[in-house]
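File shown here: start-v3.cif, holding mmCIF, C-alpha atoms.
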data_data
#
loop_
_atom_site.label_atom_id
_atom_site.label_comp_id
_atom_site.auth_asym_id
_atom_site.auth_seq_id
_atom_site.Cartn_x
_atom_site.Cartn_y
_atom_site.Cartn_z
CA MET L 1153 106.31 100.35 138.46
CA GLN L 1154 104.97 103.91 138.71
CA ASP L 1155 105.16 104.21 134.92
CA LEU L 1156 103.22 100.96 134.48
CA HIS L 1157 100.31 102.41 136.44
CA HIS L 1158 100.20 105.38 134.06
CA HIS L 1159 100.20 103.06 131.05
CA LEU L 1160 97.41 100.97 132.56
CA ASN L 1161 95.34 104.05 133.42
CA PHE L 1162 95.53 105.11 129.80
CA ILE L 1163 94.48 101.63 128.63
CA LEU L 1164 91.50 101.70 131.02
CA GLU L 1165 90.51 105.18 129.82
CA LEU L 1166 90.25 103.78 126.28
CA ASP L 1167 87.25 101.70 127.35
CA LYS L 1168 85.19 104.90 127.20
CA LEU L 1169 85.52 105.12 123.40
CA LYS L 1170 83.19 102.09 123.26
CA ALA L 1171 80.44 104.39 124.56
CA VAL L 1172 80.88 107.06 121.87
CA TYR L 1173 78.29 106.45 119.13
CA ARG L 1174 78.60 107.61 115.53
CA LYS L 1175 75.98 108.27 112.86
CA ALA L 1176 77.06 105.15 110.93
CA LEU L 1177 74.79 102.09 111.09
CA ILE L 1178 75.87 98.46 111.53
CA LYS L 1179 73.76 96.49 109.07
CA ALA L 1180 75.05 93.19 110.48
CA ASP L 1181 73.74 94.08 113.97
CA ASN L 1182 70.16 95.22 113.31
CA ASN L 1183 71.27 98.64 112.06
CA ARG L 1184 72.32 99.81 115.52
CA TYR L 1185 74.71 102.81 115.67
CA GLU L 1186 78.42 102.09 115.36
CA ASN L 1187 80.74 103.13 118.16
CA SER L 1188 84.10 104.79 117.59
CA ALA L 1189 86.13 101.89 119.04
CA GLU L 1190 84.84 99.24 116.64
CA HIS L 1191 85.05 101.78 113.80
CA SER L 1192 88.72 102.33 114.64
CA TRP L 1193 89.35 98.58 114.51
CA HIS L 1194 87.65 98.32 111.15
CA ILE L 1195 89.62 101.10 109.45
CA ALA L 1196 92.97 100.11 110.97
CA LEU L 1197 92.46 96.64 109.52
CA THR L 1198 91.16 98.15 106.25
CA SER L 1199 94.46 100.00 105.88
CA HIS L 1200 96.30 96.66 105.94
CA VAL L 1201 93.85 95.07 103.50
CA LEU L 1202 94.05 97.98 101.05
CA ALA L 1203 97.83 98.37 101.42
CA PRO L 1204 98.41 96.95 97.90
CA TYR L 1205 96.62 100.04 96.54
CA ALA L 1206 98.62 102.59 98.53
CA ASP L 1207 101.35 104.74 97.05
CA SER L 1208 104.74 103.14 97.72
CA SER L 1209 105.78 105.94 100.10
CA VAL L 1210 103.10 104.93 102.62
CA ASP L 1211 104.16 103.09 105.81
CA ILE L 1212 101.13 100.94 106.68
CA ALA L 1213 102.28 100.14 110.22
CA ARG L 1214 102.31 103.88 111.02
CA VAL L 1215 98.97 104.37 109.24
CA SER L 1216 97.43 101.55 111.25
CA LEU L 1217 98.58 103.01 114.58
CA MET L 1218 97.35 106.45 113.50
CA LEU L 1219 93.92 104.96 112.83
CA LEU L 1220 93.89 103.07 116.12
CA ILE L 1221 94.34 106.36 117.99
CA HIS L 1222 92.62 108.88 115.68
CA ASP L 1223 89.24 108.93 117.46
CA ILE L 1224 90.41 108.70 121.08
CA VAL L 1225 89.82 112.45 121.51
CA GLU L 1226 86.09 111.74 121.11
CA ILE L 1227 86.10 110.36 124.66
CA ASP L 1228 86.02 114.01 125.76
CA ALA L 1229 84.86 115.80 122.62
CA GLY L 1230 82.15 113.40 121.38
CA ASP L 1231 81.52 112.51 117.74
CA THR L 1232 80.34 115.07 115.20
CA PHE L 1233 78.75 114.14 111.91
CA ALA L 1234 81.27 114.50 109.06
CA PHE L 1235 78.86 116.65 107.06
CA ASP L 1236 77.84 119.00 109.89
CA HIS L 1237 78.02 122.83 109.59
CA LEU L 1238 81.46 124.39 109.44
CA ALA L 1239 80.96 126.29 112.73
CA VAL L 1240 80.18 123.01 114.51
CA LEU L 1241 83.22 121.30 113.00
CA SER L 1242 85.51 124.17 113.92
CA ALA L 1243 84.33 124.25 117.56
CA GLN L 1244 84.88 120.49 117.60
CA SER L 1245 88.47 120.90 116.49
CA ILE L 1246 89.28 123.07 119.54
CA LYS L 1247 87.64 120.55 121.89
CA GLU L 1248 89.61 117.73 120.29
CA SER L 1249 92.99 119.41 120.77
CA ALA L 1250 92.28 119.85 124.48
CA ALA L 1251 91.15 116.22 124.63
CA ALA L 1252 94.39 115.04 123.01
CA GLU L 1253 96.41 116.88 125.66
CA ARG L 1254 94.41 115.39 128.51
CA ILE L 1255 94.04 111.80 127.31
CA PHE L 1256 97.46 111.15 125.74
CA GLY L 1257 98.83 113.13 128.68
CA LEU L 1258 97.84 110.20 130.93
CA LEU L 1259 100.89 108.40 129.50
CA PRO L 1260 104.38 109.09 130.86
CA ALA L 1261 107.03 110.85 128.73
CA PRO L 1262 108.12 110.27 126.01
CA TYR L 1263 105.03 108.22 125.01
CA ASN L 1264 102.54 111.05 125.60
CA ALA L 1265 104.36 113.31 123.13
CA GLN L 1266 104.77 110.50 120.58
CA PHE L 1267 101.02 109.86 120.54
CA ILE L 1268 100.12 113.57 120.44
CA ASP L 1269 102.51 114.07 117.51
CA LEU L 1270 101.02 111.12 115.62
CA TRP L 1271 97.49 112.39 116.27
CA ASN L 1272 98.46 115.88 115.06
CA GLU L 1273 100.02 114.41 111.94
CA PHE L 1274 96.74 112.65 111.17
CA GLU L 1275 94.71 115.79 111.80
CA LYS L 1276 96.89 117.99 109.58
CA ALA L 1277 96.95 115.37 106.78
CA MET L 1278 100.12 116.77 105.20
CA THR L 1279 102.21 113.55 105.06
CA PRO L 1280 101.60 110.53 102.76
CA ASP L 1281 100.91 108.35 105.82
CA ALA L 1282 98.31 110.76 107.22
CA GLN L 1283 96.67 111.20 103.82
CA PHE L 1284 96.28 107.47 103.30
CA ALA L 1285 94.96 107.17 106.87
CA LYS L 1286 92.38 109.91 106.19
CA ALA L 1287 91.43 108.13 102.97
CA MET L 1288 90.74 104.91 104.91
CA ASP L 1289 88.64 106.78 107.46
CA ARG L 1290 86.52 108.10 104.60
CA ILE L 1291 86.26 105.18 102.20
CA LEU L 1292 84.83 102.81 104.82
CA PRO L 1293 81.54 104.71 105.44
CA LEU L 1294 81.15 104.76 101.64
CA ILE L 1295 81.55 100.97 101.45
CA GLN L 1296 79.09 100.57 104.33
CA ASN L 1297 76.50 103.00 102.93
CA MET L 1298 76.63 101.44 99.44
CA GLN L 1299 75.57 98.12 101.00
CA ASN L 1300 72.83 99.67 103.07
CA ASN L 1301 70.61 101.69 100.69
CA GLY L 1302 72.63 104.83 101.35
CA GLY L 1303 72.75 104.36 105.14
CA SER L 1304 73.79 107.55 106.98
CA TRP L 1305 73.92 109.57 103.72
CA ALA L 1306 70.27 108.96 102.95
CA GLN L 1307 69.29 109.58 106.58
CA ASN L 1308 71.04 112.97 106.64
CA SER L 1309 70.45 114.34 103.09
CA VAL L 1310 74.13 114.34 102.18
CA THR L 1311 75.06 115.60 98.68
CA LYS L 1312 77.20 114.00 95.99
CA ASN L 1313 79.75 116.85 96.11
CA GLN L 1314 80.18 116.56 99.86
CA VAL L 1315 81.19 112.92 99.49
CA ILE L 1316 83.48 113.58 96.51
CA GLN L 1317 85.26 116.29 98.47
CA ARG L 1318 85.57 114.12 101.54
CA ASN L 1319 87.22 111.28 99.61
CA GLN L 1320 89.63 113.50 97.67
CA TYR L 1321 92.59 112.23 99.73
CA LEU L 1322 92.42 109.05 97.67
CA GLU L 1323 93.24 110.86 94.44
CA LYS L 1324 96.94 111.08 95.29
CA SER L 1325 97.45 108.33 97.85
CA ALA L 1326 95.52 105.53 96.06
CA PRO L 1327 94.42 106.45 92.49
CA LYS L 1328 92.77 103.07 91.76
CA LEU L 1329 90.58 103.42 94.83
CA TRP L 1330 89.76 106.98 93.83
CA HIS L 1331 88.33 105.82 90.47
CA TYR L 1332 86.33 103.15 92.24
CA VAL L 1333 84.94 105.68 94.72
CA LEU L 1334 83.88 108.11 91.97
CA ALA L 1335 81.96 105.34 90.21
CA GLN L 1336 80.25 104.35 93.47
CA ILE L 1337 79.22 107.95 94.12
CA GLU L 1338 77.63 108.10 90.66
CA THR L 1339 75.65 104.95 91.42
CA ALA L 1340 74.57 106.30 94.81
CA THR L 1341 73.38 109.53 93.20
CA ARG L 1342 71.43 107.63 90.51
CA ASN L 1343 69.82 105.56 93.28
CA GLY L 1344 68.78 108.72 95.12
CA TRP L 1345 70.96 107.89 98.16
CA LEU L 1346 72.98 111.09 97.61
CA LYS L 1347 71.42 114.43 96.63
CA GLU L 1348 72.49 115.73 93.21
CA GLU L 1349 73.03 119.39 94.24
CA MET D 1206 89.64 95.75 89.41
CA GLN D 1207 88.45 92.17 90.02
CA ASP D 1208 90.93 91.91 92.88
CA LEU D 1209 89.63 95.13 94.44
CA HIS D 1210 86.13 93.66 94.65
CA HIS D 1211 87.51 90.70 96.61
CA HIS D 1212 89.34 93.04 98.98
CA LEU D 1213 86.19 95.10 99.50
CA ASN D 1214 84.04 92.01 100.07
CA PHE D 1215 86.41 90.95 102.82
CA ILE D 1216 86.27 94.42 104.39
CA LEU D 1217 82.46 94.31 104.34
CA GLU D 1218 82.43 90.84 105.87
CA LEU D 1219 84.37 92.24 108.83
CA ASP D 1220 81.31 94.29 109.83
CA LYS D 1221 79.80 91.07 111.20
CA LEU D 1222 82.39 90.88 113.99
CA LYS D 1223 80.60 93.88 115.54
CA ALA D 1224 77.65 91.55 116.18
CA VAL D 1225 79.68 88.90 118.05
CA TYR D 1226 79.29 89.50 121.79
CA ARG D 1227 81.75 88.34 124.46
CA LYS D 1228 81.30 87.67 128.17
CA ALA D 1229 83.30 90.80 129.04
CA LEU D 1230 81.39 93.83 130.32
CA ILE D 1231 81.93 97.48 129.32
CA LYS D 1232 81.75 99.42 132.56
CA ALA D 1233 81.87 102.74 130.66
CA ASP D 1234 78.71 101.83 128.70
CA ASN D 1235 76.28 100.66 131.40
CA ASN D 1236 77.96 97.25 131.70
CA ARG D 1237 76.69 96.08 128.32
CA TYR D 1238 78.51 93.11 126.74
CA GLU D 1239 81.64 93.86 124.71
CA ASN D 1240 81.78 92.84 121.06
CA SER D 1241 84.81 91.22 119.46
CA ALA D 1242 85.50 94.12 117.07
CA GLU D 1243 85.93 96.77 119.78
CA HIS D 1244 87.84 94.26 121.90
CA SER D 1245 90.25 93.73 118.98
CA TRP D 1246 90.79 97.49 118.72
CA HIS D 1247 91.48 97.73 122.44
CA ILE D 1248 94.11 94.98 122.56
CA ALA D 1249 95.83 96.00 119.31
CA LEU D 1250 96.29 99.46 120.80
CA THR D 1251 97.25 97.96 124.17
CA SER D 1252 100.12 96.12 122.44
CA HIS D 1253 101.51 99.48 121.29
CA VAL D 1254 101.04 101.05 124.73
CA LEU D 1255 102.72 98.15 126.55
CA ALA D 1256 105.48 97.79 123.94
CA PRO D 1257 108.09 99.22 126.36
CA TYR D 1258 107.52 96.11 128.55
CA ALA D 1259 107.92 93.58 125.72
CA ASP D 1260 111.00 91.45 125.24
CA SER D 1261 113.26 93.10 122.65
CA SER D 1262 112.67 90.30 120.11
CA VAL D 1263 108.99 91.28 119.76
CA ASP D 1264 107.88 93.13 116.58
CA ILE D 1265 104.93 95.25 117.74
CA ALA D 1266 103.65 96.05 114.23
CA ARG D 1267 103.22 92.30 113.58
CA VAL D 1268 101.68 91.80 117.02
CA SER D 1269 99.20 94.59 116.37
CA LEU D 1270 98.10 93.13 113.03
CA MET D 1271 97.81 89.68 114.62
CA LEU D 1272 95.50 91.15 117.26
CA LEU D 1273 93.44 93.04 114.68
CA ILE D 1274 92.68 89.73 112.91
CA HIS D 1275 92.76 87.21 115.78
CA ASP D 1276 89.01 87.12 116.42
CA ILE D 1277 87.70 87.35 112.84
CA VAL D 1278 87.02 83.59 112.86
CA GLU D 1279 84.30 84.27 115.46
CA ILE D 1280 82.12 85.63 112.64
CA ASP D 1281 81.43 81.96 111.80
CA ALA D 1282 82.44 80.20 114.99
CA GLY D 1283 81.04 82.56 117.65
CA ASP D 1284 82.74 83.45 120.91
CA THR D 1285 83.37 80.89 123.63
CA PHE D 1286 84.11 81.81 127.21
CA ALA D 1287 87.84 81.45 127.93
CA PHE D 1288 87.15 79.31 131.01
CA ASP D 1289 84.67 76.94 129.38
CA HIS D 1290 85.00 73.11 129.50
CA LEU D 1291 87.85 71.56 127.51
CA ALA D 1292 85.46 69.67 125.19
CA VAL D 1293 83.73 72.94 124.26
CA LEU D 1294 87.05 74.68 123.63
CA SER D 1295 88.32 71.83 121.47
CA ALA D 1296 85.18 71.74 119.29
CA GLN D 1297 85.55 75.51 118.95
CA SER D 1298 89.09 75.14 117.64
CA ILE D 1299 87.88 72.96 114.72
CA LYS D 1300 85.14 75.45 113.86
CA GLU D 1301 87.64 78.31 113.94
CA SER D 1302 90.03 76.65 111.50
CA ALA D 1303 87.22 76.20 108.98
CA ALA D 1304 86.20 79.82 109.55
CA ALA D 1305 89.75 81.03 108.87
CA GLU D 1306 89.76 79.18 105.53
CA ARG D 1307 86.42 80.66 104.50
CA ILE D 1308 86.83 84.24 105.68
CA PHE D 1309 90.48 84.93 104.85
CA GLY D 1310 89.77 82.94 101.67
CA LEU D 1311 87.61 85.87 100.51
CA LEU D 1312 90.88 87.70 99.80
CA PRO D 1313 92.83 87.05 96.57
CA ALA D 1314 96.24 85.31 96.66
CA PRO D 1315 98.76 85.92 98.15
CA TYR D 1316 96.91 87.94 100.82
CA ASN D 1317 94.58 85.09 101.85
CA ALA D 1318 97.55 82.84 102.70
CA GLN D 1319 99.41 85.67 104.47
CA PHE D 1320 96.47 86.28 106.81
CA ILE D 1321 95.83 82.57 107.42
CA ASP D 1322 99.53 82.09 108.29
CA LEU D 1323 99.46 85.04 110.69
CA TRP D 1324 96.28 83.75 112.32
CA ASN D 1325 97.81 80.25 112.69
CA GLU D 1326 100.94 81.75 114.21
CA PHE D 1327 98.80 83.49 116.83
CA GLU D 1328 96.83 80.32 117.57
CA LYS D 1329 99.94 78.14 117.99
CA ALA D 1330 101.67 80.77 120.17
CA MET D 1331 105.16 79.41 119.51
CA THR D 1332 106.86 82.65 118.35
CA PRO D 1333 107.77 85.67 120.55
CA ASP D 1334 105.33 87.83 118.54
CA ALA D 1335 102.43 85.41 119.01
CA GLN D 1336 103.23 84.95 122.70
CA PHE D 1337 103.19 88.68 123.36
CA ALA D 1338 99.96 88.97 121.33
CA LYS D 1339 98.36 86.20 123.45
CA ALA D 1340 99.56 87.97 126.58
CA MET D 1341 97.81 91.19 125.48
CA ASP D 1342 94.59 89.29 124.74
CA ARG D 1343 94.68 87.96 128.28
CA ILE D 1344 95.90 90.88 130.35
CA LEU D 1345 93.14 93.22 129.15
CA PRO D 1346 90.19 91.30 130.66
CA LEU D 1347 92.19 91.25 133.91
CA ILE D 1348 92.61 95.03 133.82
CA GLN D 1349 88.88 95.43 133.06
CA ASN D 1350 87.72 92.97 135.73
CA MET D 1351 89.92 94.54 138.42
CA GLN D 1352 88.11 97.86 137.85
CA ASN D 1353 84.67 96.26 137.88
CA ASN D 1354 84.40 94.22 141.11
CA GLY D 1355 85.63 91.08 139.34
CA GLY D 1356 83.41 91.55 136.26
CA SER D 1357 83.14 88.37 134.16
CA TRP D 1358 85.25 86.38 136.67
CA ALA D 1359 82.81 86.97 139.49
CA GLN D 1360 79.82 86.31 137.23
CA ASN D 1361 81.22 82.94 136.11
CA SER D 1362 82.92 81.59 139.27
CA VAL D 1363 86.40 81.61 137.76
CA THR D 1364 89.28 80.37 139.96
CA LYS D 1365 92.61 81.98 140.79
CA ASN D 1366 94.57 79.15 139.14
CA GLN D 1367 92.63 79.45 135.89
CA VAL D 1368 93.62 83.11 135.58
CA ILE D 1369 97.25 82.46 136.54
CA GLN D 1370 97.48 79.76 133.90
CA ARG D 1371 95.84 81.93 131.28
CA ASN D 1372 98.29 84.79 131.80
CA GLN D 1373 101.40 82.59 131.86
CA TYR D 1374 102.50 83.88 128.42
CA LEU D 1375 103.57 87.08 130.18
CA GLU D 1376 106.22 85.26 132.25
CA LYS D 1377 108.63 85.08 129.32
CA SER D 1378 107.46 87.84 126.99
CA ALA D 1379 106.98 90.63 129.56
CA PRO D 1380 108.29 89.71 133.06
CA LYS D 1381 107.41 93.08 134.66
CA LEU D 1382 103.80 92.70 133.57
CA TRP D 1383 103.79 89.13 134.86
CA HIS D 1384 104.70 90.29 138.38
CA TYR D 1385 102.01 92.95 138.22
CA VAL D 1386 99.42 90.39 137.10
CA LEU D 1387 100.30 87.96 139.91
CA ALA D 1388 99.82 90.73 142.47
CA GLN D 1389 96.46 91.68 140.95
CA ILE D 1390 95.29 88.05 141.05
CA GLU D 1391 96.16 87.92 144.76
CA THR D 1392 94.07 91.04 145.37
CA ALA D 1393 91.16 89.67 143.34
CA THR D 1394 91.24 86.44 145.34
CA ARG D 1395 91.33 88.32 148.66
CA ASN D 1396 88.33 90.36 147.47
CA GLY D 1397 86.40 87.19 146.63
CA TRP D 1398 86.27 88.04 142.87
CA LEU D 1399 88.25 84.85 142.09
CA LYS D 1400 87.63 81.53 143.82
CA GLU D 1401 90.59 80.24 145.88
CA GLU D 1402 90.43 76.58 144.74
#
Starting from the file, give its structure as structure tokens.
Amino acid sequence: MQDLHHHLNFILELDKLKAVYRKALIKADNNRYENSAEHSWHIALTSHVLAPYADSSVDIARVSLMLLIHDIVEIDAGDTFAFDHLAVLSAQSIKESAAAERIFGLLPAPYNAQFIDLWNEFEKAMTPDAQFAKAMDRILPLIQNMQNNGGSWAQNSVTKNQVIQRNQYLEKSAPKLWHYVLAQIETATRNGWLKEE
Amino acid sequence: MQDLHHHLNFILELDKLKAVYRKALIKADNNRYENSAEHSWHIALTSHVLAPYADSSVDIARVSLMLLIHDIVEIDAGDTFAFDHLAVLSAQSIKESAAAERIFGLLPAPYNAQFIDLWNEFEKAMTPDAQFAKAMDRILPLIQNMQNNGGSWAQNSVTKNQVIQRNQYLEKSAPKLWHYVLAQIETATRNGWLKEE
């Protein structure tokens, strides 16, 4: 029963991710900011929906769990904008590792280590599962911004090359999606939603 | 490429679930109302965290996907309070079936039918996977309300027997959790958060 209390404490702690707000806008809800919990739901489900486009080596059940947990560290570390300065992003990375230790550490062994390992795998993006997961995390803001006059890109003067670079994971893990994304980025640039330089 | 557009339309449609608000309160975010998208994230992840308590016949990857999609019908049908009158709940069920046809129908075959079947399996709650999924959907509000002076129970004069009945799925699919829940309901009743009758 002691173990159950640890599991339940972790589940309760997760509630706090609903108070971490991102730069992304929810068009369907009066363009309010998106929080990291609902974002995590959306990309986990997106991974299942786009599974037919994934390379055959990808295990979607693992990808989905990776995406469900990938932002939990923001409970302590907060959200940073994807296109922020390198120094900001690097400081964030240190904060996130400490957060992973504390938050997943609320779980009893061996579950704490299992979650930390899965989170590290996502962060390092060296395995096919982690690369497809990263690709999902990155394609969704593109889909949202394309439907919203450039959304967070336009608001933050993001460049075409920044978005191409950020979606590069698709090239190997889902080539059809990669071609789609490149075409969308061209359209966004023509529309002035992304800066050319 | 035609198929991809259907997949992406479905993914975009999902954004609307972030604008469907439930009766549950988010203590961590100034007790604002919870939306169905972030709720779906929380219980999908809860199913992974509580997997060690599930009966061995339960397939957690299927349960998790079921929970990711279980509330999508609310985009058309809206949320109803779990303890509403029977007539309201029955009218809701008809609206939700039509919503499932329309929304999952945005996907191309065979994916539309696969999602509709999974959603129906959850609704009917006849399989071990669906019963554990239902149990997760029901234990989480209990965990939240116990940390929030009764939360939505106290606000809506919910009775002890209503909550016992609602969590009954746990009895078979996760007996240890069932005993925990019964003890929590006793505490909530003693505290006046649940009505005795």
Can you list, as a PyMOL selection string, every protein, DNA or RNA residue that comes within 12 Å of Gln1283 in chain L when you count only C-alpha atoms, leaving out same-chain residues fewer than 2 positions away?
chain L and resi 1199+1206-1207+1209-1212+1214-1215+1218-1219+1273-1281+1285-1290+1318-1326
Once the PyMOL selection byres ((chain D) within 7 of (chain L)) has been applied to the shown file, what residues remain in the selection, as a PyMOL selection string?
chain D and resi 1212+1216+1220-1221+1223-1224+1233-1234+1242-1243+1245-1246+1250-1251+1254+1266+1273
Only C-alpha atoms, please: the residues just picked out, written as an mmCIF file, in the coordinates of the input.
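Contents of part.cif, as written:
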data_model
loop_
_atom_site.group_PDB
_atom_site.id
_atom_site.type_symbol
_atom_site.label_atom_id
_atom_site.label_comp_id
_atom_site.auth_asym_id
_atom_site.auth_seq_id
_atom_site.Cartn_x
_atom_site.Cartn_y
_atom_site.Cartn_z
ATOM 1 C CA HIS D 1212 89.340 93.040 98.980
ATOM 2 C CA ILE D 1216 86.270 94.420 104.390
ATOM 3 C CA ASP D 1220 81.310 94.290 109.830
ATOM 4 C CA LYS D 1221 79.800 91.070 111.200
ATOM 5 C CA LYS D 1223 80.600 93.880 115.540
ATOM 6 C CA ALA D 1224 77.650 91.550 116.180
ATOM 7 C CA ALA D 1233 81.870 102.740 130.660
ATOM 8 C CA ASP D 1234 78.710 101.830 128.700
ATOM 9 C CA ALA D 1242 85.500 94.120 117.070
ATOM 10 C CA GLU D 1243 85.930 96.770 119.780
ATOM 11 C CA SER D 1245 90.250 93.730 118.980
ATOM 12 C CA TRP D 1246 90.790 97.490 118.720
ATOM 13 C CA LEU D 1250 96.290 99.460 120.800
ATOM 14 C CA THR D 1251 97.250 97.960 124.170
ATOM 15 C CA VAL D 1254 101.040 101.050 124.730
ATOM 16 C CA ALA D 1266 103.650 96.050 114.230
ATOM 17 C CA LEU D 1273 93.440 93.040 114.680
#
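Take CA of Pro1293 in chain L and CA of Arg1254 in chain L: the distance between them is 28.5 Å.
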Given the PyMOL selection byres ((chain L and resi 1229-1246) around 8), the residues it picks as a PyMOL selection string
chain L and resi 1172-1175+1225-1228+1247-1251+1310+1314
Keeping only C-alpha atoms, write the selected residues to a file as an mmCIF file, in the frame of the given file.
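In the end it all went to part09.cif:
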data_model
loop_
_atom_site.group_PDB
_atom_site.id
_atom_site.type_symbol
_atom_site.label_atom_id
_atom_site.label_comp_id
_atom_site.auth_asym_id
_atom_site.auth_seq_id
_atom_site.Cartn_x
_atom_site.Cartn_y
_atom_site.Cartn_z
ATOM 1 C CA VAL L 1172 80.880 107.060 121.870
ATOM 2 C CA TYR L 1173 78.290 106.450 119.130
ATOM 3 C CA ARG L 1174 78.600 107.610 115.530
ATOM 4 C CA LYS L 1175 75.980 108.270 112.860
ATOM 5 C CA VAL L 1225 89.820 112.450 121.510
ATOM 6 C CA GLU L 1226 86.090 111.740 121.110
ATOM 7 C CA ILE L 1227 86.100 110.360 124.660
ATOM 8 C CA ASP L 1228 86.020 114.010 125.760
ATOM 9 C CA LYS L 1247 87.640 120.550 121.890
ATOM 10 C CA GLU L 1248 89.610 117.730 120.290
ATOM 11 C CA SER L 1249 92.990 119.410 120.770
ATOM 12 C CA ALA L 1250 92.280 119.850 124.480
ATOM 13 C CA ALA L 1251 91.150 116.220 124.630
ATOM 14 C CA VAL L 1310 74.130 114.340 102.180
ATOM 15 C CA GLN L 1314 80.180 116.560 99.860
#
List as a PyMOL selection string the protein and nucleic acid residues near Gly1397 in chain D, meaning an atom at most 12 Å away when only C-alpha atoms are counted, but skip any in the same chain fewer than 3 places from it.
chain D and resi 1351+1354-1356+1358-1360+1362-1365+1390-1394+1400-1402
With distances taken over all atoms listed in the file, which residue among D:Glu1306, D:Asn1317, D:Asn1236, D:Ala1256 lies nearest His1211 in chain D?
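Checking each candidate against His1211 in chain D, we get D:Asn1317 as the closest.
If you look at CA of Trp1271 in chain L and CA of Gly1257 in chain L, they are 12.5 Å away from each other.
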Atomic separation - CA of Ala1252 in chain L relative to CA of Ala1265 in chain L, Å
10.1 Å
Report as AutoDock Vina command-line options the centre and the edge lengths, in Å to one decimal, of the axis-aligned box holding every listed atom of range 1203-1217 of chain L, padded by 8 Å on each side.
--center_x 101.2 --center_y 101.4 --center_z 105.6 --size_x 25.2 --size_y 25.0 --size_z 34.0
Supply range 1309-1313 of chain D as a PDB file, in the coordinates of the input, with all heavy atoms built in where the input has gaps.
ATOM      1  N   PHE D1309      89.266  84.390 105.474  1.00  0.00           N
ATOM      2  CA  PHE D1309      90.480  84.930 104.850  1.00  0.00           C
ATOM      3  C   PHE D1309      90.541  84.517 103.376  1.00  0.00           C
ATOM      4  O   PHE D1309      91.154  85.190 102.549  1.00  0.00           O
ATOM      5  CB  PHE D1309      91.740  84.473 105.600  1.00  0.00           C
ATOM      6  CG  PHE D1309      91.808  85.004 107.005  1.00  0.00           C
ATOM      7  CD1 PHE D1309      91.887  84.145 108.109  1.00  0.00           C
ATOM      8  CD2 PHE D1309      91.764  86.371 107.245  1.00  0.00           C
ATOM      9  CE1 PHE D1309      91.928  84.636 109.402  1.00  0.00           C
ATOM     10  CE2 PHE D1309      91.806  86.875 108.543  1.00  0.00           C
ATOM     11  CZ  PHE D1309      91.888  86.004 109.621  1.00  0.00           C
ATOM     12  N   GLY D1310      89.858  83.405 103.054  1.00  0.00           N
ATOM     13  CA  GLY D1310      89.770  82.940 101.670  1.00  0.00           C
ATOM     14  C   GLY D1310      88.985  83.890 100.756  1.00  0.00           C
ATOM     15  O   GLY D1310      89.017  83.742  99.536  1.00  0.00           O
ATOM     16  N   LEU D1311      88.293  84.858 101.329  1.00  0.00           N
ATOM     17  CA  LEU D1311      87.610  85.870 100.510  1.00  0.00           C
ATOM     18  C   LEU D1311      88.633  86.770  99.798  1.00  0.00           C
ATOM     19  O   LEU D1311      88.331  87.375  98.775  1.00  0.00           O
ATOM     20  CB  LEU D1311      86.687  86.744 101.374  1.00  0.00           C
ATOM     21  CG  LEU D1311      85.484  86.046 102.031  1.00  0.00           C
ATOM     22  CD1 LEU D1311      84.786  87.005 102.994  1.00  0.00           C
ATOM     23  CD2 LEU D1311      84.500  85.545 100.977  1.00  0.00           C
ATOM     24  N   LEU D1312      89.826  86.855 100.386  1.00  0.00           N
ATOM     25  CA  LEU D1312      90.880  87.700  99.800  1.00  0.00           C
ATOM     26  C   LEU D1312      91.567  86.958  98.650  1.00  0.00           C
ATOM     27  O   LEU D1312      91.690  85.731  98.680  1.00  0.00           O
ATOM     28  CB  LEU D1312      91.926  88.048 100.862  1.00  0.00           C
ATOM     29  CG  LEU D1312      91.517  89.078 101.902  1.00  0.00           C
ATOM     30  CD1 LEU D1312      92.524  89.100 103.056  1.00  0.00           C
ATOM     31  CD2 LEU D1312      91.422  90.465 101.275  1.00  0.00           C
ATOM     32  N   PRO D1313      92.070  87.691  97.654  1.00  0.00           N
ATOM     33  CA  PRO D1313      92.830  87.050  96.570  1.00  0.00           C
ATOM     34  C   PRO D1313      94.224  86.632  97.079  1.00  0.00           C
ATOM     35  O   PRO D1313      94.701  87.153  98.094  1.00  0.00           O
ATOM     36  CB  PRO D1313      92.948  88.152  95.527  1.00  0.00           C
ATOM     37  CG  PRO D1313      92.850  89.428  96.299  1.00  0.00           C
ATOM     38  CD  PRO D1313      91.934  89.144  97.457  1.00  0.00           C
TER      39      PRO D1313
END
